[in-house]
Each structure stands twice: as C-alpha cells, then as structure tokens.
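Worksheet: one structure, shown below.
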Amino acid sequence: MQKRIAVTGATGFVGPHLVAALARRGWKLRLLIRRWSPLPSLAGVEAEIVWGDLADESALRRLVDGAAAVIHAAGLIKARRPEDFIAINRDGTARLSALAPATPLVLLSSLAAREPQLSPYAASKRAAEEALADRSGPWLAVRAPAVYGPGDRETLAYFRMAQWGVALQPAAPGARLSLIHVADLAEALALSVEPSVPASVYEVDDGHEGGYRYSDMAHAAGLALGRRERTVRIARPILGALAAANETIQSLGGPAQILTRGKVNEIFHPDWTVHDRRFATATKFVARFDLAAGFRDTILWYRAQNWL
C-alpha cells in the first residue's frame with residue numbers, strides 16, 4: 001500500500017523537482033497549492049490538491065490529515081517587509097508543525113540560517129528551524145546552499161550576462177560558497193524522510209569540499225556556453241546603492257526585490273560553504289551533478305525553453 005506524503009512549495013523552483021523525486025519513490029502525493037498559483041507541470045504524476053496557503057489552518061489540517069510524512073518546501077525568498085519573512089517562514093512552519101505534531105516533518109531551510117544576523121531572510125530561516133526543534137514529533141531541517149538548475153529565474157540574469165562573455169561577481173576576494181543542482185536537492189529531500197535519519201539540522205551540497213570561488217562559477221559558465229568569460233567585479237558600495245534603491249521602490253508599493261541591503265550582507269559574507277557532512281553519511285546521498293555538469297544541464301534547459 002502506498003504511503004501518502006504532504007508537500008508545500010510544489011509550485012516554486014524546487015517544488016516540481018521534489019514532487020517528481022517523491023513520485024519516483026512511490027509516494028502518494030498531496031500538495032498545498034495557492035489558488036492563484038499555476039499547477040506544476042509534471043507529466044505522469046498524479047497528486048491530490050489542497051487549495052490554500054500557510055496562513056490557512058483549515059487547508060493545512062486537510063493537507064496533513066493521514067499523511068505519513070510532510071516536506072515543507074514553501075517559503076519566501078524576497079519580501080517587502082521583514083515581518084513578511086517571519087509571517088511565512090517562521091509562523092507558517094510553526095503552524096504546520098502544530099497541526100501534525102506526531103508526523104515526521106522535513107523543513108527545507110537555507111545555509112543563510114547559520115548567520116541570522118545578516119538579513120531578515122536569514123533570521124526568519126533560523127526562526128523556522130527553532131520552531132521545528134520545539135516539536136515532540138520527528139523532524140529534520142535541511143540547509144541548502146545556493147541552488148541552481150532548470151526552472152531557476154533568480155539566477156537567469158547571471159547566465160544571460162555570461163552568454164555575452166561577461167561574468168559578474170562581487171568584489172569579495174577569498175569568498176567561497178557551496179552549490180547544489182535543484183535535481184540533487186530534490187533527491188536529498190526525498191531521502192530525508194527515511195525513518196533512519198536522526199532529528200537534527202543538516203547541511204547539504206554537491207559534495208565539493210571547500211565549495212567554489214566566484215571565479216569557478218564564471219569559468220564553468222563560460223565552458224558551458226562556449227564563451228571566454230571577462231570578469232566584472234562589483235564593489236559593495238555599488239550593490240548597496242542598488243539595494244537601497246530597490247528598498248525605496250518596495251516602500252512605494254512596488255514589487256518585492258531580491259536585492260536588498262540584507263541580501264548584500266549575504267552576498268559579501270566570506271563563507272557559505274557546507275561545514276557539516278552528517279547528512280550524506282546518514283542518508284548515503286551522493287550528488288549527480290558537479291558544477292560543470294550542472295551548469296551545462298541548466299543552460300541546455302534554458303535554451304530549450306528559449307530563455308537564453
């Protein structure tokens with residue numbers, strides 16, 4: 001008999017990949033979908049839909065009823081106000097946890113939670129982890145590093161510039177960051193619901209020890225695109241000024257912007273590498289994509305969709 005798993009965030013960047021990974025493992029799927037969100041395009045995947053959002057206790061109750069496990073992948077990565085991050089990332093997690101106190105619950109978190117002082121986003125992700133740690137039932141938080149891959153719109157501008165031979169990167173000598181392809185992150189999350197994985201906060205990446213320099217990313221993008229990259233380093237004051245302008249636009253009622261002063265703090269933090277390898281040990285997770293293969297796969301997908 002198939003077991004049912006409840007999933008939030010199915011219409012986001014990671015969500016369709018996660019749903020596909022769970023379907024391959026034979027899970028019956030129940031997805032929380034906001035009424036104004038498009039349904040994920042998942043050929044051959046059948047799922048029960050619960051219409052609602054993280055503020056809707058009735059919808060959350062229907063979502064988790066009878067589920068053998070819950071994967072909470074929904075969350076805000078940009079918001080007009082700091083309190084919006086808290087309302088979704090922390091309070092939504094706490095609400096979901098309270099409605100399924102004994103059901104195993106996996107939270108997709110972020111390495112940003114390791115440095116909550118840097119930004120409202122980072123603080124909200126740490127607060128979400130703390131909300132989980134207070135529950136009596138089984139739980140895991142999986143901190144992802146920078147995620148890229150098919151469907152990613154947030155880093156599309158980077159690849160569009162790289163297509164013209166321009167590699168934009170922050171003027172942050174010595175900075176290093178871990179990365180993971182979205183399909184590998186989906187596989188990691190699918191593995192995280194195994195009952196043998198102890199409750200804890202874990203970190204996951206593509207397995208490359210010590211992470212990458214920004215120049216490594218530029219080189220990989222150039223190889224995948226067949227271009228000789230020319231590095232353009234952007235000083236922190238310039239990004240800070242752009243971020244301040246974005247915040248003014250937000251305050252005047254404009255759309256939420258990803259580049260804010262908090263995001264600049266994150267960008268110039270020198271160490272976003274994975275420090276803890278317990279997740280790979282506990283789950284036997286091995287990433288399929290290294291940086292070169294992952295960028296090639298991403299660019300091929302962009303081109304197939306006429307995004308590049």
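Ligands are numbered from 1 in the order shown, chains are lettered A, B, ... in the order of the structure tokens, and residues start at 1 in each chain.
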
Gly92 of chain A environment, 9 Å, only C-alpha atoms, sequence neighbours closer than 3 positions dropped, as a ChimeraX atom specification: /A:53-55,74-75,86-89,95-97,128

All residues 7 Å or closer to segment 160-168 of chain A, only C-alpha atoms, same chain fewer than 6 positions away omitted, as a list of chain:residue names: A:Ala218, A:Ala221, A:Gly222, A:Leu225, A:Arg227, A:Arg228, A:Glu229, A:Arg230, A:Thr231, A:Val232, A:Arg233, A:Leu308

Within 10 Å of Gly262 of chain A, counting only C-alpha atoms, which residues show up once you throw out same-chain ones fewer than 3 positions away? Write them as a tab-separated table (two decimals) with N, CA, C and O atoms, in the first residue's frame, please.
chain	number	residue	atom	x	y	z
A	82	PRO	N	10.42	43.05	6.62
A	82	PRO	CA	10.99	41.94	7.40
A	82	PRO	C	9.94	41.07	8.06
A	82	PRO	O	10.10	39.84	8.14
A	117	GLN	N	22.08	37.06	11.73
A	117	GLN	CA	22.26	38.49	11.91
A	117	GLN	C	22.41	39.24	10.59
A	117	GLN	O	22.34	40.48	10.56
A	118	LEU	N	22.61	38.52	9.50
A	118	LEU	CA	22.92	39.18	8.24
A	118	LEU	C	21.71	39.81	7.56
A	118	LEU	O	21.85	40.83	6.88
A	119	SER	N	20.55	39.20	7.69
A	119	SER	CA	19.40	39.68	6.92
A	119	SER	C	18.10	39.20	7.55
A	119	SER	O	18.09	38.19	8.26
A	120	PRO	N	16.99	39.89	7.28
A	120	PRO	CA	15.69	39.41	7.75
A	120	PRO	C	15.37	38.01	7.22
A	120	PRO	O	14.76	37.20	7.92
A	121	TYR	N	15.77	37.72	5.99
A	121	TYR	CA	15.55	36.38	5.44
A	121	TYR	C	16.29	35.33	6.26
A	121	TYR	O	15.71	34.32	6.68
A	122	ALA	N	17.56	35.56	6.51
A	122	ALA	CA	18.35	34.61	7.28
A	122	ALA	C	17.77	34.42	8.68
A	122	ALA	O	17.70	33.29	9.18
A	240	GLY	N	25.24	48.05	-2.72
A	240	GLY	CA	24.48	48.66	-1.62
A	240	GLY	C	23.57	49.77	-2.11
A	240	GLY	O	22.42	49.90	-1.65
A	243	ALA	N	20.68	48.22	-3.86
A	243	ALA	CA	19.78	47.62	-2.88
A	243	ALA	C	18.92	48.69	-2.20
A	243	ALA	O	17.71	48.50	-1.98
A	258	ILE	N	14.68	41.00	-4.86
A	258	ILE	CA	15.60	40.05	-4.25
A	258	ILE	C	16.84	40.76	-3.70
A	258	ILE	O	17.40	40.36	-2.67
A	259	LEU	N	17.28	41.84	-4.38
A	259	LEU	CA	18.49	42.55	-3.96
A	259	LEU	C	18.11	43.66	-2.98
A	259	LEU	O	17.61	44.71	-3.36
A	265	ASN	N	24.48	41.92	2.39
A	265	ASN	CA	25.23	41.34	3.51
A	265	ASN	C	25.51	39.86	3.26
A	265	ASN	O	26.61	39.36	3.53
A	266	GLU	N	24.52	39.16	2.75
A	266	GLU	CA	24.69	37.73	2.47
A	266	GLU	C	25.71	37.53	1.35
A	266	GLU	O	26.59	36.66	1.44
A	267	ILE	N	25.61	38.32	0.29
A	267	ILE	CA	26.50	38.16	-0.87
A	267	ILE	C	27.96	38.34	-0.47
A	267	ILE	O	28.84	37.61	-0.96

Closest of A:Ala100, A:Ala141, A:Ile249, A:Leu179 to Pro198 of chain A - atom-to-atom distances counting only C-alpha atoms: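 For Pro198 of chain A, the nearest of the candidates is A:Ala141.
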
Secondary structure check, alpha helix (DSSP H) residues of segment 68-132 of chain A, as a PyMOL selection string: chain A and resi 82-85+91-99+120-132

Non-local contacts of Val193 of chain A (12 Å; only C-alpha atoms; under 6 positions in same chain excluded) as an NGL selection string: :A and (3-7 or 22 or 25 or 27 or 68-72 or 103-108 or 138-142 or 186-187 or 199 or 279 or 282-283)

All residues 8 Å or closer to Ala79 of chain A, only C-alpha atoms, same chain fewer than 2 positions away omitted, as JSON, numbers by chain: {"A": [76, 77, 81, 82, 84, 85, 256, 257, 258]}
